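Below is the file my_file09.txt, which contains compact mmCIF, C-alpha atoms and all ligand atoms.
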```txt
# COMPACT_ATOMS: atom_id res chain seq x y z
CA MET V 1 127.04 108.26 122.24
CA HIS V 2 128.73 106.11 119.64
CA TRP V 3 126.39 103.96 117.51
CA VAL V 4 127.53 101.22 115.11
CA ILE V 5 125.07 100.10 112.41
CA THR V 6 125.41 97.51 109.65
CA GLY V 7 123.55 97.74 106.33
CA ALA V 8 123.11 101.51 106.64
CA ASN V 9 123.36 102.55 102.99
CA ARG V 10 119.60 102.13 102.34
CA GLY V 11 116.33 101.20 103.99
CA ILE V 12 115.84 101.19 107.77
CA GLY V 13 119.59 101.38 108.51
CA LEU V 14 119.93 104.55 106.44
CA ALA V 15 116.90 106.15 108.15
CA ILE V 16 118.33 105.32 111.62
CA THR V 17 121.71 106.79 110.63
CA LYS V 18 120.21 110.04 109.30
CA GLN V 19 118.07 110.48 112.43
CA LEU V 20 121.01 109.87 114.79
CA LEU V 21 123.25 112.34 112.95
CA LYS V 22 120.47 114.92 113.15
CA GLU V 23 120.40 114.33 116.91
CA GLY V 24 124.17 115.00 117.13
CA GLU V 25 125.25 111.39 117.72
CA LYS V 26 128.44 109.78 116.43
CA VAL V 27 127.75 106.93 114.00
CA THR V 28 129.98 104.27 112.45
CA VAL V 29 128.36 102.34 109.62
CA GLY V 30 129.42 98.99 108.19
CA ILE V 31 128.35 98.72 104.55
CA ARG V 32 129.47 96.87 101.44
CA THR V 33 128.90 99.68 98.91
CA SER V 34 128.89 103.42 99.66
CA MET V 35 126.84 105.96 101.62
CA PRO V 36 124.67 108.48 99.75
CA PHE V 37 126.14 111.38 101.81
CA GLU V 38 129.06 112.41 104.04
CA HIS V 39 128.87 113.85 107.56
CA ILE V 40 131.44 115.03 110.08
CA ASN V 41 130.11 112.59 112.73
CA LEU V 42 129.84 109.66 110.32
CA THR V 43 132.56 107.04 109.88
CA VAL V 44 132.08 104.70 106.93
CA LEU V 45 133.69 101.25 107.03
CA LYS V 46 133.34 98.33 104.66
CA VAL V 47 131.85 95.00 105.71
CA ASP V 48 130.24 92.02 104.07
CA THR V 49 128.32 90.51 106.97
CA SER V 50 128.16 87.10 105.26
CA ASN V 51 131.95 86.81 105.58
CA PRO V 52 133.63 86.26 108.99
CA VAL V 53 136.99 87.60 107.78
CA SER V 54 135.34 90.82 106.63
CA ILE V 55 133.44 91.03 109.95
CA SER V 56 136.70 90.67 111.86
CA GLU V 57 138.43 93.37 109.83
CA PHE V 58 135.44 95.67 110.31
CA ALA V 59 135.37 95.16 114.08
CA GLU V 60 139.10 95.88 114.33
CA LYS V 61 138.65 99.23 112.57
CA ILE V 62 135.95 100.49 114.96
CA ASP V 63 137.96 103.19 116.68
CA GLU V 64 136.09 103.98 119.88
CA PRO V 65 133.95 102.09 122.44
CA ILE V 66 130.49 101.19 121.18
CA ASP V 67 127.45 102.37 123.12
CA VAL V 68 124.92 100.83 120.73
CA LEU V 69 125.54 98.09 118.15
CA ILE V 70 122.68 97.62 115.68
CA ASN V 71 122.90 94.42 113.66
CA ASN V 72 120.61 95.64 110.89
CA ALA V 73 122.00 94.15 107.63
CA GLY V 74 119.67 91.42 106.44
CA ILE V 75 118.31 89.70 103.35
CA LEU V 76 114.94 88.32 102.38
CA ILE V 77 115.19 85.50 99.87
CA GLU V 78 111.64 84.74 98.76
CA GLU V 79 111.65 80.95 98.78
CA ARG V 80 108.54 79.18 100.01
CA PHE V 81 107.65 75.55 100.62
CA PRO V 82 108.18 73.38 98.53
CA ASN V 83 110.67 75.43 96.47
CA VAL V 84 113.43 76.17 98.97
CA THR V 85 117.06 75.82 97.83
CA GLU V 86 120.26 75.02 99.68
CA GLU V 87 121.72 78.30 98.41
CA GLY V 88 118.77 80.31 99.75
CA MET V 89 118.96 78.61 103.12
CA LEU V 90 122.72 79.01 103.54
CA LEU V 91 122.95 82.63 102.40
CA SER V 92 120.02 83.60 104.66
CA PHE V 93 121.71 81.91 107.60
CA LYS V 94 125.02 83.62 106.87
CA VAL V 95 123.63 87.14 106.62
CA ASN V 96 120.71 87.04 109.06
CA THR V 97 122.12 84.77 111.78
CA MET V 98 125.85 84.11 111.57
CA GLY V 99 126.80 87.71 110.67
CA PRO V 100 125.17 89.32 113.73
CA TYR V 101 126.57 86.62 116.03
CA MET V 102 130.11 86.89 114.66
CA LEU V 103 130.06 90.68 114.88
CA ILE V 104 129.04 90.53 118.55
CA GLN V 105 131.71 87.90 119.26
CA GLU V 106 134.44 89.91 117.51
CA CYS V 107 133.44 93.14 119.25
CA VAL V 108 133.59 91.36 122.62
CA LYS V 109 136.95 89.72 121.87
CA LEU V 110 138.42 93.03 120.71
CA ASN V 111 136.97 94.93 123.71
CA LYS V 112 134.93 97.27 121.54
CA LEU V 113 131.86 96.97 123.79
CA LYS V 114 131.64 98.09 127.42
CA ASP V 115 129.49 97.93 130.56
CA GLY V 116 125.99 99.07 129.64
CA SER V 117 126.43 98.70 125.87
CA LYS V 118 123.21 97.92 124.00
CA ILE V 119 123.17 95.28 121.25
CA ILE V 120 120.13 95.38 118.99
CA ASN V 121 119.55 92.49 116.61
CA ILE V 122 117.08 93.58 113.95
CA SER V 123 114.91 90.50 113.71
CA SER V 124 111.34 90.19 112.44
CA ILE V 125 107.89 89.13 113.56
CA LEU V 126 108.37 86.52 110.81
CA GLY V 127 111.04 84.94 113.02
CA SER V 128 108.61 84.56 115.92
CA ILE V 129 107.78 80.87 116.37
CA ALA V 130 104.76 81.79 118.50
CA ASN V 131 103.31 84.05 115.78
CA THR V 132 104.14 82.07 112.68
CA GLY V 133 101.40 81.41 110.16
CA GLY V 134 103.48 79.09 108.02
CA THR V 135 103.22 81.07 104.78
CA THR V 136 106.40 83.15 104.81
CA SER V 137 109.78 82.73 103.15
CA VAL V 138 111.19 79.61 104.79
CA PRO V 139 114.88 80.68 104.81
CA TYR V 140 113.96 84.12 106.14
CA SER V 141 111.77 82.91 109.00
CA ILE V 142 114.19 80.18 110.03
CA SER V 143 117.20 82.50 109.97
CA LYS V 144 115.42 85.21 111.99
CA ALA V 145 114.17 82.64 114.53
CA ALA V 146 117.79 81.56 114.88
CA LEU V 147 118.82 85.20 115.27
CA ASN V 148 116.40 85.37 118.20
CA MET V 149 118.37 82.53 119.78
CA VAL V 150 121.55 84.57 119.26
CA THR V 151 119.85 87.32 121.27
CA LYS V 152 118.93 84.96 124.11
CA LEU V 153 122.36 83.30 124.22
CA MET V 154 124.18 86.62 124.26
CA ALA V 155 121.81 88.11 126.84
CA HIS V 156 122.83 85.26 129.16
CA ARG V 157 126.56 85.63 128.48
CA LEU V 158 126.83 89.44 128.40
CA ARG V 159 125.24 90.16 131.78
CA ASN V 160 126.78 93.66 131.93
CA MET V 161 125.08 94.70 128.68
CA TYR V 162 121.64 94.72 127.06
CA VAL V 163 120.95 92.37 124.15
CA ILE V 164 117.55 92.41 122.45
CA SER V 165 115.74 91.40 119.27
CA MET V 166 113.80 94.18 117.53
CA HIS V 167 110.98 93.92 114.98
CA PRO V 168 111.12 97.20 113.01
CA GLY V 169 107.52 96.98 111.74
CA TRP V 170 106.49 96.25 108.17
CA VAL V 171 108.47 99.03 106.55
CA LYS V 172 108.39 100.60 103.10
CA THR V 173 111.90 99.70 101.87
CA ASP V 174 113.30 97.58 99.05
CA MET V 175 112.67 94.59 101.31
CA GLY V 176 109.30 95.60 102.76
CA GLY V 177 107.86 96.74 99.41
CA GLU V 178 105.42 99.46 98.36
CA ASN V 179 102.44 98.15 100.37
CA ALA V 180 104.19 98.39 103.73
CA PRO V 181 102.33 100.74 106.09
CA VAL V 182 105.33 102.10 108.05
CA LEU V 183 107.77 104.67 106.62
CA PRO V 184 111.49 104.09 107.27
CA GLU V 185 111.64 107.37 109.21
CA GLU V 186 108.80 106.27 111.55
CA SER V 187 110.44 102.91 112.15
CA ALA V 188 113.82 104.55 112.74
CA SER V 189 112.60 107.08 115.29
CA GLY V 190 110.62 104.35 117.09
CA ILE V 191 113.67 102.08 117.22
CA ILE V 192 115.92 104.90 118.52
CA ASN V 193 113.33 105.82 121.16
CA VAL V 194 113.04 102.20 122.35
CA ILE V 195 116.84 101.86 122.49
CA ARG V 196 117.27 105.06 124.50
CA LYS V 197 114.73 103.89 127.09
CA LEU V 198 115.87 100.26 127.15
CA ASP V 199 116.26 98.86 130.66
CA LYS V 200 115.79 95.11 130.01
CA THR V 201 117.90 92.44 128.34
CA GLY V 202 116.93 89.26 126.50
CA VAL V 203 113.62 90.64 125.24
CA PHE V 204 111.91 90.81 121.82
CA LEU V 205 110.34 94.22 121.17
CA ASP V 206 108.81 96.02 118.23
CA TYR V 207 109.63 99.58 117.17
CA THR V 208 106.86 100.97 119.39
CA GLY V 209 108.25 99.19 122.46
CA ASN V 210 105.62 96.42 122.59
CA SER V 211 106.80 92.92 123.53
CA ILE V 212 106.63 90.16 120.93
CA GLU V 213 106.30 86.50 121.85
CA TRP V 214 109.36 84.45 120.88
N1 LIG V 301 111.33 96.17 105.72
C1 LIG V 301 110.60 95.42 106.53
O1 LIG V 301 109.36 95.41 106.45
C2 LIG V 301 111.26 94.57 107.58
C3 LIG V 301 110.42 93.85 108.45
C4 LIG V 301 111.01 93.08 109.45
C5 LIG V 301 112.39 93.06 109.58
N2 LIG V 301 113.17 93.75 108.71
C6 LIG V 301 114.63 93.69 108.91
O2 LIG V 301 115.16 94.99 108.99
C7 LIG V 301 116.52 95.02 108.51
C8 LIG V 301 116.65 96.11 107.46
O3 LIG V 301 115.72 95.82 106.43
P1 LIG V 301 115.37 96.85 105.25
O4 LIG V 301 113.91 96.76 105.05
O5 LIG V 301 116.03 98.16 105.48
O6 LIG V 301 116.07 96.08 104.03
P2 LIG V 301 116.75 96.63 102.68
O7 LIG V 301 116.15 97.91 102.28
O8 LIG V 301 116.71 95.46 101.76
O9 LIG V 301 118.26 96.90 103.15
C9 LIG V 301 119.05 95.84 103.59
C10 LIG V 301 120.41 96.37 104.01
O10 LIG V 301 121.21 95.24 104.43
C11 LIG V 301 122.43 95.28 103.70
N3 LIG V 301 123.01 93.97 103.50
C12 LIG V 301 122.42 92.85 103.01
N4 LIG V 301 123.31 91.85 102.93
C13 LIG V 301 124.49 92.35 103.37
C14 LIG V 301 125.80 91.82 103.53
N5 LIG V 301 126.10 90.55 103.19
N6 LIG V 301 126.78 92.63 104.02
C15 LIG V 301 126.50 93.91 104.36
N7 LIG V 301 125.29 94.46 104.23
C16 LIG V 301 124.31 93.70 103.74
C17 LIG V 301 122.07 95.92 102.37
O11 LIG V 301 123.24 96.38 101.75
P3 LIG V 301 123.37 96.39 100.10
O12 LIG V 301 122.76 97.69 99.66
O13 LIG V 301 124.85 96.33 99.89
O14 LIG V 301 122.63 95.19 99.57
C18 LIG V 301 121.15 97.05 102.86
O15 LIG V 301 121.90 98.12 103.34
C19 LIG V 301 116.78 93.61 107.97
O16 LIG V 301 117.48 92.85 108.93
C20 LIG V 301 115.39 93.06 107.76
O17 LIG V 301 115.36 91.64 107.81
C21 LIG V 301 112.64 94.52 107.73
```
Show how you would write the structure in this file as structure tokens.
Ligand SMILES: NC(=O)c1ccc[n+]([C@@H]2O[C@H](COP(=O)([O-])OP(=O)(O)OC[C@H]3O[C@@H](n4cnc5c(N)ncnc54)[C@H](OP(=O)(O)O)[C@@H]3O)[C@@H](O)[C@H]2O)c1
Amino acid sequence: MHWVITGANRGIGLAITKQLLKEGEKVTVGIRTSMPFEHINLTVLKVDTSNPVSISEFAEKIDEPIDVLINNAGILIEERFPNVTEEGMLLSFKVNTMGPYMLIQECVKLNKLKDGSKIINISSILGSIANTGGTTSVPYSISKAALNMVTKLMAHRLRNMYVISMHPGWVKTDMGGENAPVLPEESASGIINVIRKLDKTGVFLDYTGNSIEW
């Protein structure tokens, strides 16, 4: 299978990429810096997911039909009420919401996806309106809640594919921090397992396959 993953140079995206390559899969990554290793089954392309022109150029370069698209690139800007800035809000929206949407739209327009393709938007429990406690980063939670709407909208429009939101767990990465209980490798293998078994669209799941309320 051919997997496309954004933000794969570190964190959860890197762990997913390593695991897939170990399993013999073909992976195309979209990153804005460089990968820490090379592999025969790994294609490395550049993308800045906050920039629609860059997203378009990236999508054009994807050279074979996509079985699984993982919109993983994301940012956490720690701005809480009452200290939220316009800059924090807009950049969070660009990377966490607009980027994933535009990449899906470009891939559809350029016929890079196909019947049965799986589109995984890496969201967060912090984007769940039902679960919110009100104490998180405001730009982050709002932009991930909006990403969940991207999932729902696309699940309705792409009836021949699967489109889901995925909470990867609280994971020990640069974003998740040292206190996070889940290792990137555990999150990655859970996510891959859930994707392989996926038979529903328009759902919000965590990395163990449990449903999360929107
Ligand atoms: N860690 C957690 O506990 C947790 C919990 C819930 C959800 N998530 C979600 O899981 C995903 C991965 O998180 P992580 O913990 O692996 O974060 P991370 O370690 O901070 O890595 C983030 C990745 O996204 C990339 N990225 C950010 N902005 C980008 C842009 N404009 N263009 C291209 N790539 C960009 C980064 O690339 P650079 O190296 O170039 O910056 C990096 O590869 C995110 O969507 C995050 O919101 C994480």
Coordinates of box centre and edge lengths for ligand LIG 301 (chain V), 6 Å on every side, axis-aligned, as AutoDock Vina command-line options:
```
--center_x 118.1 --center_y 94.4 --center_z 104.6 --size_x 29.4 --size_y 19.6 --size_z 22.0
```
message = Taking (120.9, 89.4, 125.8) as a centre in this file's frame and 10 Å as the limit, can you find every polymer residue with an atom that close, using all atoms listed in the file, and give them as a PyMOL selection string?
response = chain V and resi 118-121+148-165+200-204
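Taking CA of Ile104 (chain V) and atom C6 of ligand LIG 301 (chain V) as endpoints, the distance between them is 17.6 Å.
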ask   = Could you state the separation of CA of Ser50 (chain V) and atom C12 of ligand LIG 301 (chain V) in Å, given to one decimal place?
value =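 Interatomic distance, CA of Ser50 (chain V) to atom C12 of ligand LIG 301 (chain V): 8.4 Å.
Going from CA of Met175 (chain V) over to CA of Asn83 (chain V), you cover 19.9 Å.
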ask   = Which protein, DNA or RNA residues have an atom within 8 Å of ligand LIG 301 (chain V), counting all atoms listed in the file, as a PyMOL selection string?
value = chain V and resi 6-14+30-33+47-51+71-76+94-96+121-126+140+144+167-177+180+182+184
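Taking all atoms listed in the file into account, Val44 (chain V) lies nearest to V:Thr17 out of the set V:Thr132, V:Thr17, V:Ser56, V:Ser141.
Distance check against Glu79 (chain V) using all atoms listed in the file: of V:Val53, V:Val138, V:Val108, V:Val194, the minimum falls on V:Val138.
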request  = Return the single residue from V:Leu21, V:Ala145, V:Val29, V:Leu183 that is closest to Thr97 (chain V), with distances computed using all atoms listed in the file.
outcome  = V:Ala145
